[in-house]
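J.: Structure file target.pdb (PDB, C-alpha atoms) is given on the next line.
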```pdb
MODEL        1
ATOM      1  CA  MET A  28     -23.586   2.914   7.918  1.00  0.00           C
ATOM      2  CA  LYS A  29     -23.041  -0.758   7.364  1.00  0.00           C
ATOM      3  CA  LYS A  30     -20.088  -1.476   5.106  1.00  0.00           C
ATOM      4  CA  LEU A  31     -20.854  -3.702   2.144  1.00  0.00           C
ATOM      5  CA  ARG A  32     -18.911  -6.938   2.092  1.00  0.00           C
ATOM      6  CA  PHE A  33     -16.290  -7.066  -0.647  1.00  0.00           C
ATOM      7  CA  GLU A  34     -16.810  -9.769  -3.221  1.00  0.00           C
ATOM      8  CA  ARG A  35     -13.937 -10.951  -5.382  1.00  0.00           C
ATOM      9  CA  PRO A  36     -14.774  -9.854  -8.944  1.00  0.00           C
ATOM     10  CA  THR A  37     -13.363 -12.981 -10.621  1.00  0.00           C
ATOM     11  CA  ASP A  38     -12.074 -16.438  -9.741  1.00  0.00           C
ATOM     12  CA  HIS A  39      -9.111 -15.997 -12.106  1.00  0.00           C
ATOM     13  CA  TYR A  40      -5.660 -15.154 -10.733  1.00  0.00           C
ATOM     14  CA  ASP A  41      -2.384 -15.588 -12.574  1.00  0.00           C
ATOM     15  CA  GLU A  42      -0.069 -17.082  -9.940  1.00  0.00           C
ATOM     16  CA  LYS A  43       2.972 -15.980 -11.961  1.00  0.00           C
ATOM     17  CA  ILE A  44       2.457 -12.429 -10.675  1.00  0.00           C
ATOM     18  CA  PHE A  45       2.154 -13.404  -7.001  1.00  0.00           C
ATOM     19  CA  SER A  46       5.656 -12.182  -6.075  1.00  0.00           C
ATOM     20  CA  ILE A  47       5.085  -8.871  -7.914  1.00  0.00           C
ATOM     21  CA  ASP A  48       1.789  -8.302  -6.094  1.00  0.00           C
ATOM     22  CA  GLU A  49       3.503  -9.022  -2.789  1.00  0.00           C
ATOM     23  CA  GLN A  50       6.224  -6.481  -3.675  1.00  0.00           C
ATOM     24  CA  ILE A  51       3.506  -3.902  -4.428  1.00  0.00           C
ATOM     25  CA  CYS A  52       2.110  -4.465  -0.913  1.00  0.00           C
ATOM     26  CA  GLU A  53       5.582  -4.119   0.583  1.00  0.00           C
ATOM     27  CA  LEU A  54       6.173  -0.860  -1.320  1.00  0.00           C
ATOM     28  CA  VAL A  55       2.812   0.553  -0.205  1.00  0.00           C
ATOM     29  CA  GLN A  56       3.805  -0.138   3.399  1.00  0.00           C
ATOM     30  CA  LYS A  57       7.229   1.513   2.905  1.00  0.00           C
ATOM     31  CA  ARG A  58       5.560   4.502   1.244  1.00  0.00           C
ATOM     32  CA  LYS A  59       3.257   4.947   4.245  1.00  0.00           C
ATOM     33  CA  GLU A  60       6.139   4.723   6.707  1.00  0.00           C
ATOM     34  CA  LEU A  61       8.440   7.092   4.797  1.00  0.00           C
ATOM     35  CA  SER A  62       5.726   9.726   4.332  1.00  0.00           C
ATOM     36  CA  GLY A  63       4.344   9.438   7.855  1.00  0.00           C
ATOM     37  CA  ASN A  64       1.116   8.248   6.212  1.00  0.00           C
ATOM     38  CA  ASN A  65       0.700  11.704   4.656  1.00  0.00           C
ATOM     39  CA  PRO A  66       1.941  11.261   1.066  1.00  0.00           C
ATOM     40  CA  GLY A  67       0.045  14.058  -0.650  1.00  0.00           C
ATOM     41  CA  PHE A  68      -0.408  13.624  -4.407  1.00  0.00           C
ATOM     42  CA  PRO A  69       2.241  13.521  -7.162  1.00  0.00           C
ATOM     43  CA  PRO A  70       2.375  16.588  -9.445  1.00  0.00           C
ATOM     44  CA  ALA A  71       0.734  16.217 -12.873  1.00  0.00           C
ATOM     45  CA  GLU A  72       4.098  16.206 -14.653  1.00  0.00           C
ATOM     46  CA  TYR A  73       5.229  13.190 -12.568  1.00  0.00           C
ATOM     47  CA  ILE A  74       2.041  11.325 -13.494  1.00  0.00           C
ATOM     48  CA  GLN A  75       2.532  12.164 -17.181  1.00  0.00           C
ATOM     49  CA  ASP A  76       6.196  11.084 -17.117  1.00  0.00           C
ATOM     50  CA  TRP A  77       5.472   7.789 -15.346  1.00  0.00           C
ATOM     51  CA  ALA A  78       2.557   7.004 -17.655  1.00  0.00           C
ATOM     52  CA  LYS A  79       4.785   7.499 -20.686  1.00  0.00           C
ATOM     53  CA  LYS A  80       7.811   5.711 -19.180  1.00  0.00           C
ATOM     54  CA  TYR A  81       5.884   2.609 -18.068  1.00  0.00           C
ATOM     55  CA  GLY A  82       3.182   2.514 -20.743  1.00  0.00           C
ATOM     56  CA  LEU A  83       0.332   3.165 -18.303  1.00  0.00           C
ATOM     57  CA  TYR A  84      -2.780   5.316 -18.482  1.00  0.00           C
ATOM     58  CA  GLU A  85      -2.657   8.635 -16.620  1.00  0.00           C
ATOM     59  CA  ASP A  86      -6.170   8.058 -15.270  1.00  0.00           C
ATOM     60  CA  LEU A  87      -5.064   4.726 -13.827  1.00  0.00           C
ATOM     61  CA  LEU A  88      -2.185   6.415 -11.985  1.00  0.00           C
ATOM     62  CA  ASN A  89      -4.458   9.228 -10.803  1.00  0.00           C
ATOM     63  CA  ALA A  90      -6.899   6.643  -9.433  1.00  0.00           C
ATOM     64  CA  LEU A  91      -4.081   4.640  -7.827  1.00  0.00           C
ATOM     65  CA  PHE A  92      -2.463   7.583  -6.032  1.00  0.00           C
ATOM     66  CA  GLY A  93      -5.869   9.001  -5.124  1.00  0.00           C
ATOM     67  CA  THR A  94      -6.740   5.719  -3.424  1.00  0.00           C
ATOM     68  CA  LEU A  95      -3.393   5.516  -1.628  1.00  0.00           C
ATOM     69  CA  ARG A  96      -3.830   9.073  -0.392  1.00  0.00           C
ATOM     70  CA  THR A  97      -7.022   8.268   1.500  1.00  0.00           C
ATOM     71  CA  ASP A  98      -6.373   4.778   2.808  1.00  0.00           C
ATOM     72  CA  GLU A  99      -8.133   5.539   6.121  1.00  0.00           C
ATOM     73  CA  HIS A 100     -11.399   5.160   4.170  1.00  0.00           C
ATOM     74  CA  PHE A 101     -10.643   1.458   3.944  1.00  0.00           C
ATOM     75  CA  ARG A 102      -9.903   0.801   7.597  1.00  0.00           C
ATOM     76  CA  THR A 103     -12.211  -1.848   9.038  1.00  0.00           C
ATOM     77  CA  GLN A 104     -14.900  -0.174  11.099  1.00  0.00           C
ATOM     78  CA  VAL A 105     -16.419  -1.803  14.134  1.00  0.00           C
ATOM     79  CA  GLU A 106     -20.165  -2.279  13.826  1.00  0.00           C
ATOM     80  CA  PRO A 107     -21.788  -1.628  17.190  1.00  0.00           C
ATOM     81  CA  SER A 108     -23.739  -4.601  18.499  1.00  0.00           C
ATOM     82  CA  GLY A 109     -25.433  -5.526  21.742  1.00  0.00           C
ATOM     83  CA  PHE A 110     -26.927  -2.196  22.846  1.00  0.00           C
ATOM     84  CA  GLN A 111     -26.567  -1.687  26.597  1.00  0.00           C
ATOM     85  CA  LYS A 112     -27.558   1.823  27.633  1.00  0.00           C
ATOM     86  CA  TYR A 113     -27.455   5.576  27.088  1.00  0.00           C
ATOM     87  CA  ILE A 114     -24.994   7.801  28.909  1.00  0.00           C
ATOM     88  CA  PRO A 115     -26.448  11.345  29.148  1.00  0.00           C
ATOM     89  CA  VAL A 116     -23.778  13.952  28.423  1.00  0.00           C
ATOM     90  CA  LEU A 117     -25.603  17.246  27.735  1.00  0.00           C
ATOM     91  CA  LYS A 118     -22.481  19.319  27.125  1.00  0.00           C
ATOM     92  CA  SER A 119     -22.245  22.202  24.669  1.00  0.00           C
ATOM     93  CA  VAL A 120     -19.862  24.842  23.356  1.00  0.00           C
ATOM     94  CA  VAL A 121     -20.790  28.106  21.637  1.00  0.00           C
ATOM     95  CA  LYS A 122     -18.353  29.147  18.915  1.00  0.00           C
ATOM     96  CA  GLY A 123     -19.146  32.070  16.642  1.00  0.00           C
ATOM     97  CA  ASP A 124     -22.835  31.904  15.810  1.00  0.00           C
ATOM     98  CA  SER A 125     -23.101  28.144  16.337  1.00  0.00           C
ATOM     99  CA  LEU A 126     -23.918  25.787  19.190  1.00  0.00           C
ATOM    100  CA  TYR A 127     -21.992  22.500  19.212  1.00  0.00           C
ATOM    101  CA  SER A 128     -23.254  19.828  21.575  1.00  0.00           C
ATOM    102  CA  VAL A 129     -22.917  16.230  22.637  1.00  0.00           C
ATOM    103  CA  THR A 130     -26.211  15.107  24.088  1.00  0.00           C
ATOM    104  CA  PHE A 131     -25.565  11.427  24.746  1.00  0.00           C
ATOM    105  CA  ILE A 132     -23.345   8.414  24.192  1.00  0.00           C
ATOM    106  CA  ARG A 133     -24.825   5.041  23.300  1.00  0.00           C
ATOM    107  CA  GLN A 134     -23.025   2.112  24.889  1.00  0.00           C
ATOM    108  CA  TYR A 135     -22.763  -1.225  23.094  1.00  0.00           C
ATOM    109  CA  GLU A 136     -20.920  -4.409  24.051  1.00  0.00           C
ATOM    110  CA  ASN A 137     -18.133  -3.772  21.532  1.00  0.00           C
ATOM    111  CA  ALA A 138     -18.178   0.010  20.915  1.00  0.00           C
ATOM    112  CA  SER A 139     -19.656   3.370  21.818  1.00  0.00           C
ATOM    113  CA  VAL A 140     -21.507   5.873  19.625  1.00  0.00           C
ATOM    114  CA  VAL A 141     -21.045   9.588  20.301  1.00  0.00           C
ATOM    115  CA  ASN A 142     -23.858  11.886  19.169  1.00  0.00           C
ATOM    116  CA  PHE A 143     -22.572  15.314  17.981  1.00  0.00           C
ATOM    117  CA  ASN A 144     -24.902  18.161  17.000  1.00  0.00           C
ATOM    118  CA  ILE A 145     -24.483  21.543  15.342  1.00  0.00           C
ATOM    119  CA  ASP A 146     -27.216  24.200  15.601  1.00  0.00           C
ATOM    120  CA  TRP A 147     -27.291  27.720  14.213  1.00  0.00           C
ATOM    121  CA  ASP A 148     -29.642  30.575  13.349  1.00  0.00           C
ATOM    122  CA  GLU A 149     -30.135  30.944   9.613  1.00  0.00           C
ATOM    123  CA  SER A 150     -32.463  33.943   9.686  1.00  0.00           C
ATOM    124  CA  GLU A 151     -29.647  36.239   8.553  1.00  0.00           C
ATOM    125  CA  ASP A 152     -28.331  34.282   5.558  1.00  0.00           C
ATOM    126  CA  SER A 153     -30.222  31.089   4.808  1.00  0.00           C
ATOM    127  CA  SER A 154     -29.025  30.715   1.206  1.00  0.00           C
ATOM    128  CA  ASP A 155     -25.825  28.829   1.930  1.00  0.00           C
ATOM    129  CA  SER A 156     -25.837  28.133   5.658  1.00  0.00           C
ATOM    130  CA  PHE A 157     -26.565  24.410   5.371  1.00  0.00           C
ATOM    131  CA  ILE A 158     -23.716  23.982   2.869  1.00  0.00           C
ATOM    132  CA  ARG A 159     -21.478  26.075   5.102  1.00  0.00           C
ATOM    133  CA  TYR A 160     -22.099  23.805   8.081  1.00  0.00           C
ATOM    134  CA  HIS A 161     -22.227  20.524   6.170  1.00  0.00           C
ATOM    135  CA  HIS A 162     -18.539  19.652   6.308  1.00  0.00           C
ATOM    136  CA  PHE A 163     -16.773  16.481   7.369  1.00  0.00           C
ATOM    137  CA  TRP A 164     -15.859  15.985  10.985  1.00  0.00           C
ATOM    138  CA  GLU A 165     -13.320  13.841  12.789  1.00  0.00           C
ATOM    139  CA  LEU A 166     -13.471  12.875  16.449  1.00  0.00           C
ATOM    140  CA  TYR A 167     -10.282  12.404  18.446  1.00  0.00           C
ATOM    141  CA  ILE A 168     -10.262  11.278  22.085  1.00  0.00           C
ATOM    142  CA  ASN A 169      -6.769   9.907  22.655  1.00  0.00           C
ATOM    143  CA  GLU A 170      -4.447   7.318  21.161  1.00  0.00           C
ATOM    144  CA  ASP A 171      -6.348   4.504  22.891  1.00  0.00           C
ATOM    145  CA  TYR A 172      -9.488   5.001  20.798  1.00  0.00           C
ATOM    146  CA  TYR A 173     -10.246   4.828  17.097  1.00  0.00           C
ATOM    147  CA  CYS A 174     -13.168   7.005  16.005  1.00  0.00           C
ATOM    148  CA  THR A 175     -15.042   6.923  12.694  1.00  0.00           C
ATOM    149  CA  MET A 176     -17.915   9.044  11.475  1.00  0.00           C
ATOM    150  CA  ASP A 177     -20.944   6.827  10.996  1.00  0.00           C
ATOM    151  CA  GLY A 178     -23.462   8.944   9.173  1.00  0.00           C
ATOM    152  CA  GLY A 179     -25.782  11.652  10.269  1.00  0.00           C
ATOM    153  CA  GLY A 180     -28.167  14.120   8.753  1.00  0.00           C
ATOM    154  CA  GLY A 181     -30.017  17.312   9.312  1.00  0.00           C
ATOM    155  CA  SER A 182     -32.205  20.037   7.956  1.00  0.00           C
ATOM    156  CA  GLY A 183     -32.922  23.678   8.506  1.00  0.00           C
ATOM    157  CA  GLU A 184     -30.723  24.880  11.328  1.00  0.00           C
ATOM    158  CA  HIS A 185     -29.528  21.529  12.683  1.00  0.00           C
ATOM    159  CA  ILE A 186     -26.996  18.849  11.751  1.00  0.00           C
ATOM    160  CA  ASN A 187     -26.369  15.607  13.610  1.00  0.00           C
ATOM    161  CA  ASN A 188     -23.308  13.356  13.305  1.00  0.00           C
ATOM    162  CA  ASN A 189     -22.625   9.997  14.914  1.00  0.00           C
ATOM    163  CA  PHE A 190     -19.157   8.633  15.659  1.00  0.00           C
ATOM    164  CA  VAL A 191     -18.350   5.008  16.407  1.00  0.00           C
ATOM    165  CA  VAL A 192     -15.638   4.713  19.053  1.00  0.00           C
ATOM    166  CA  SER A 193     -13.695   1.521  19.624  1.00  0.00           C
ATOM    167  CA  PRO A 194     -12.849   0.036  21.956  1.00  0.00           C
ATOM    168  CA  ARG A 195     -15.946   0.827  23.991  1.00  0.00           C
ATOM    169  CA  LEU A 196     -15.700   3.879  26.263  1.00  0.00           C
ATOM    170  CA  PRO A 197     -15.953   3.328  30.025  1.00  0.00           C
ATOM    171  CA  ASP A 198     -19.382   3.845  31.583  1.00  0.00           C
ATOM    172  CA  ASP A 199     -17.847   6.663  33.631  1.00  0.00           C
ATOM    173  CA  VAL A 200     -16.678   9.064  30.927  1.00  0.00           C
ATOM    174  CA  SER A 201     -15.727  11.857  33.314  1.00  0.00           C
ATOM    175  CA  GLY A 202     -12.280  13.237  32.588  1.00  0.00           C
ATOM    176  CA  LEU A 203     -12.397  12.417  28.879  1.00  0.00           C
ATOM    177  CA  GLN A 204     -12.049  15.152  26.286  1.00  0.00           C
ATOM    178  CA  LEU A 205     -13.849  14.963  22.932  1.00  0.00           C
ATOM    179  CA  ILE A 206     -12.064  16.890  20.181  1.00  0.00           C
ATOM    180  CA  PHE A 207     -14.030  17.428  16.971  1.00  0.00           C
ATOM    181  CA  LYS A 208     -12.097  18.717  13.960  1.00  0.00           C
ATOM    182  CA  GLU A 209     -13.762  20.035  10.807  1.00  0.00           C
ATOM    183  CA  ASN A 210     -12.502  19.220   7.292  1.00  0.00           C
ATOM    184  CA  GLU A 211     -13.722  20.325   3.886  1.00  0.00           C
ATOM    185  CA  GLU A 212     -13.121  16.785   2.567  1.00  0.00           C
ATOM    186  CA  PRO A 213     -12.969  13.457   4.383  1.00  0.00           C
ATOM    187  CA  PHE A 214      -9.662  13.172   6.314  1.00  0.00           C
ATOM    188  CA  GLU A 215      -8.210  16.294   4.673  1.00  0.00           C
ATOM    189  CA  SER A 216      -8.413  20.048   4.069  1.00  0.00           C
ATOM    190  CA  PRO A 217      -8.925  21.106   7.700  1.00  0.00           C
ATOM    191  CA  THR A 218     -10.884  24.326   8.096  1.00  0.00           C
ATOM    192  CA  GLY A 219      -9.208  25.157  11.403  1.00  0.00           C
ATOM    193  CA  VAL A 220     -12.455  24.776  13.335  1.00  0.00           C
ATOM    194  CA  GLU A 221     -11.891  22.633  16.406  1.00  0.00           C
ATOM    195  CA  ILE A 222     -14.513  21.983  19.056  1.00  0.00           C
ATOM    196  CA  VAL A 223     -13.388  20.667  22.432  1.00  0.00           C
ATOM    197  CA  ILE A 224     -15.977  19.231  24.786  1.00  0.00           C
ATOM    198  CA  ASP A 225     -14.777  18.257  28.264  1.00  0.00           C
ATOM    199  CA  LEU A 226     -16.672  15.505  30.030  1.00  0.00           C
ATOM    200  CA  ASP A 227     -16.628  16.086  33.772  1.00  0.00           C
TER     201      ASP A 227
ENDMDL
END
```
Let's see the structure in the file written out as structure tokens.
T.:
Amino acid sequence: MKKLRFERPTDHYDEKIFSIDEQICELVQKRKELSGNNPGFPPAEYIQDWAKKYGLYEDLLNALFGTLRTDEHFRTQVEPSGFQKYIPVLKSVVKGDSLYSVTFIRQYENASVVNFNIDWDESEDSSDSFIRYHHFWELYINEDYYCTMDGGGGSGEHINNNFVVSPRLPDDVSGLQLIFKENEEPFESPTGVEIVIDLD
């Protein structure tokens, strides 16, 4: 999914608050470091107390801390460009009543795209199976690569997800391990489902 370019909402800026805005940025950085970039969310009573103490709206504080909690959403994502080739992978893992597979990797000049599929049989209980399988996934390879989910889709008994990996993976992917982790919400609430696909 192509990220929309941010446009400044107004040309007005009161330069008298420049130093305060810079301090806010410094405090956000300190908050990330101190919490290990896992701050959680302040209890409702803290929000209420701060709103009253500083004359702020509770909804503003809820929105602020909600945004700070999920800052990975705002990380700049590489947009693949300059398609080069497909790398066939054709690896799968059966877990429970589901088949998880990586069929191919698309190679671009500046990134790679990993194709991840989930298939299942819904003949037993079709009422909620799509919802059950339609969670959010993360891909982890190792600390050298940054992976972001880049859309997908599905219907019936199949879901497909694509992950952009940067920098670009080597053309020889043997020896790499793809670790897919399932979350109920983006970047949080892990379900405990982890799918490991070894590329050999």
J.: Here is a test: counting only C-alpha atoms, which residue of A:Asn144, A:Gln75, A:Ser108, A:Ser62 is nearest to A:Ile222?
T.: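 Looking at the shortest contact to A:Ile222, the residue is A:Asn144.
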J.: Hey, which of A:Tyr113, A:Phe33, A:Arg96, A:Pro217 ends up closest to A:Gly63? Count only C-alpha atoms.
T.: A:Arg96
J.: Might you pull out every residue within 8 Å of stretch 190-196 of chain A, with all atoms listed in the file counted and same-chain residues fewer than 4 positions away left off, and present them as a ChimeraX atom specification?
T.: /A:105-107,134-143,166,171-178,200
J.: Keeping only C-alpha atoms, write those residues as a PDB file, in the coordinates of the input.
T.:
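result.pdb, freshly written:
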```
ATOM      1  CA  VAL A 105     -16.419  -1.803  14.134  1.00  0.00           C
ATOM      2  CA  GLU A 106     -20.165  -2.279  13.826  1.00  0.00           C
ATOM      3  CA  PRO A 107     -21.788  -1.628  17.190  1.00  0.00           C
ATOM      4  CA  GLN A 134     -23.025   2.112  24.889  1.00  0.00           C
ATOM      5  CA  TYR A 135     -22.763  -1.225  23.094  1.00  0.00           C
ATOM      6  CA  GLU A 136     -20.920  -4.409  24.051  1.00  0.00           C
ATOM      7  CA  ASN A 137     -18.133  -3.772  21.532  1.00  0.00           C
ATOM      8  CA  ALA A 138     -18.178   0.010  20.915  1.00  0.00           C
ATOM      9  CA  SER A 139     -19.656   3.370  21.818  1.00  0.00           C
ATOM     10  CA  VAL A 140     -21.507   5.873  19.625  1.00  0.00           C
ATOM     11  CA  VAL A 141     -21.045   9.588  20.301  1.00  0.00           C
ATOM     12  CA  ASN A 142     -23.858  11.886  19.169  1.00  0.00           C
ATOM     13  CA  PHE A 143     -22.572  15.314  17.981  1.00  0.00           C
ATOM     14  CA  LEU A 166     -13.471  12.875  16.449  1.00  0.00           C
ATOM     15  CA  ASP A 171      -6.348   4.504  22.891  1.00  0.00           C
ATOM     16  CA  TYR A 172      -9.488   5.001  20.798  1.00  0.00           C
ATOM     17  CA  TYR A 173     -10.246   4.828  17.097  1.00  0.00           C
ATOM     18  CA  CYS A 174     -13.168   7.005  16.005  1.00  0.00           C
ATOM     19  CA  THR A 175     -15.042   6.923  12.694  1.00  0.00           C
ATOM     20  CA  MET A 176     -17.915   9.044  11.475  1.00  0.00           C
ATOM     21  CA  ASP A 177     -20.944   6.827  10.996  1.00  0.00           C
ATOM     22  CA  GLY A 178     -23.462   8.944   9.173  1.00  0.00           C
ATOM     23  CA  VAL A 200     -16.678   9.064  30.927  1.00  0.00           C
TER      24      VAL A 200
END
```
J.: Give me the result of the PyMOL selection byres ((chain A and resi 167) around 7) on this file, residue by residue, as a list in words.
T.: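 Taken over the shown coordinates, the PyMOL selection byres ((chain A and resi 167) around 7) returns Glu165, Leu166, Ile168, Asn169, Cys174, Leu205, Ile206 and Phe207 of chain A.
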J.: Atom CA of A:Ala78 to atom CA of A:Ser216: how many Å, to one decimal?
T.: 27.6 Å
J.: If the PyMOL selection byres ((chain A and resi 125) around 7) is run on the structure shown, which residues does it catch, given as a PyMOL selection string?
T.: chain A and resi 121-124+126-127+145-147
J.: How far is it from atom CA of A:Tyr73 to atom CA of A:His100, in Å with one decimal?
T.: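 Computed distance, atom CA of A:Tyr73 to atom CA of A:His100, equals 24.9 Å.
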J.: In Å, rounded to a single decimal, give me how far atom CA of A:Trp164 is from atom CA of A:Glu211.
T.: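 Separating atom CA of A:Glu211 from atom CA of A:Trp164 is a distance of 8.6 Å.
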J.: Counting all atoms listed in the file, which of A:Tyr81, A:Phe163, A:Phe45, A:Phe68 gets nearest to A:Leu95?
T.: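 With all atoms listed in the file as the atom set, the closest residue is A:Phe68.
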J.: Take the PyMOL selection byres ((chain A and resi 226) around 12), apply it to the structure above, and return the hits as a list in words.
T.: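 Written out, the selection comes to Ile114, Pro115, Val116, Leu117, Lys118, Ser119, Val120, Ser128, Val129, Thr130, Phe131, Ile132, Ile168, Asp199, Val200, Ser201, Gly202, Leu203, Gln204, Leu205, Ile206, Val223, Ile224, Asp225 and Asp227 of chain A.
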J.: Taking C-alpha atoms for each residue, export the selection above as a PDB file, in the coordinates of the input.
T.:
```pdb
ATOM      1  CA  ILE A 114     -24.994   7.801  28.909  1.00  0.00           C
ATOM      2  CA  PRO A 115     -26.448  11.345  29.148  1.00  0.00           C
ATOM      3  CA  VAL A 116     -23.778  13.952  28.423  1.00  0.00           C
ATOM      4  CA  LEU A 117     -25.603  17.246  27.735  1.00  0.00           C
ATOM      5  CA  LYS A 118     -22.481  19.319  27.125  1.00  0.00           C
ATOM      6  CA  SER A 119     -22.245  22.202  24.669  1.00  0.00           C
ATOM      7  CA  VAL A 120     -19.862  24.842  23.356  1.00  0.00           C
ATOM      8  CA  SER A 128     -23.254  19.828  21.575  1.00  0.00           C
ATOM      9  CA  VAL A 129     -22.917  16.230  22.637  1.00  0.00           C
ATOM     10  CA  THR A 130     -26.211  15.107  24.088  1.00  0.00           C
ATOM     11  CA  PHE A 131     -25.565  11.427  24.746  1.00  0.00           C
ATOM     12  CA  ILE A 132     -23.345   8.414  24.192  1.00  0.00           C
ATOM     13  CA  ILE A 168     -10.262  11.278  22.085  1.00  0.00           C
ATOM     14  CA  ASP A 199     -17.847   6.663  33.631  1.00  0.00           C
ATOM     15  CA  VAL A 200     -16.678   9.064  30.927  1.00  0.00           C
ATOM     16  CA  SER A 201     -15.727  11.857  33.314  1.00  0.00           C
ATOM     17  CA  GLY A 202     -12.280  13.237  32.588  1.00  0.00           C
ATOM     18  CA  LEU A 203     -12.397  12.417  28.879  1.00  0.00           C
ATOM     19  CA  GLN A 204     -12.049  15.152  26.286  1.00  0.00           C
ATOM     20  CA  LEU A 205     -13.849  14.963  22.932  1.00  0.00           C
ATOM     21  CA  ILE A 206     -12.064  16.890  20.181  1.00  0.00           C
ATOM     22  CA  VAL A 223     -13.388  20.667  22.432  1.00  0.00           C
ATOM     23  CA  ILE A 224     -15.977  19.231  24.786  1.00  0.00           C
ATOM     24  CA  ASP A 225     -14.777  18.257  28.264  1.00  0.00           C
ATOM     25  CA  ASP A 227     -16.628  16.086  33.772  1.00  0.00           C
TER      26      ASP A 227
END
```
J.: Pick out the residues sitting within 12 Å of A:Arg58, and hand them over as a PDB file with C-alpha atoms, in the frame of the given file; count all atoms listed in the file, and ignore anything fewer than 5 positions along from it in its own chain.
T.:
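Below is the file result.pdb, written as the result:
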```
ATOM      1  CA  ILE A  51       3.506  -3.902  -4.428  1.00  0.00           C
ATOM      2  CA  CYS A  52       2.110  -4.465  -0.913  1.00  0.00           C
ATOM      3  CA  GLU A  53       5.582  -4.119   0.583  1.00  0.00           C
ATOM      4  CA  GLY A  63       4.344   9.438   7.855  1.00  0.00           C
ATOM      5  CA  ASN A  64       1.116   8.248   6.212  1.00  0.00           C
ATOM      6  CA  ASN A  65       0.700  11.704   4.656  1.00  0.00           C
ATOM      7  CA  PRO A  66       1.941  11.261   1.066  1.00  0.00           C
ATOM      8  CA  GLY A  67       0.045  14.058  -0.650  1.00  0.00           C
ATOM      9  CA  PHE A  92      -2.463   7.583  -6.032  1.00  0.00           C
ATOM     10  CA  LEU A  95      -3.393   5.516  -1.628  1.00  0.00           C
ATOM     11  CA  ARG A  96      -3.830   9.073  -0.392  1.00  0.00           C
TER      12      ARG A  96
END
```
J.: Determine the axis-aligned bounding box of all atoms of stretch 159-176 of chain A present in the file, pad each side by 8 Å, and express its centre and edge lengths in Å to one decimal place as lines of an AutoDock Vina configuration file.
T.:
```
center_x = -13.3
center_y = 15.3
center_z = 14.0
size_x = 33.8
size_y = 37.6
size_z = 33.8
```
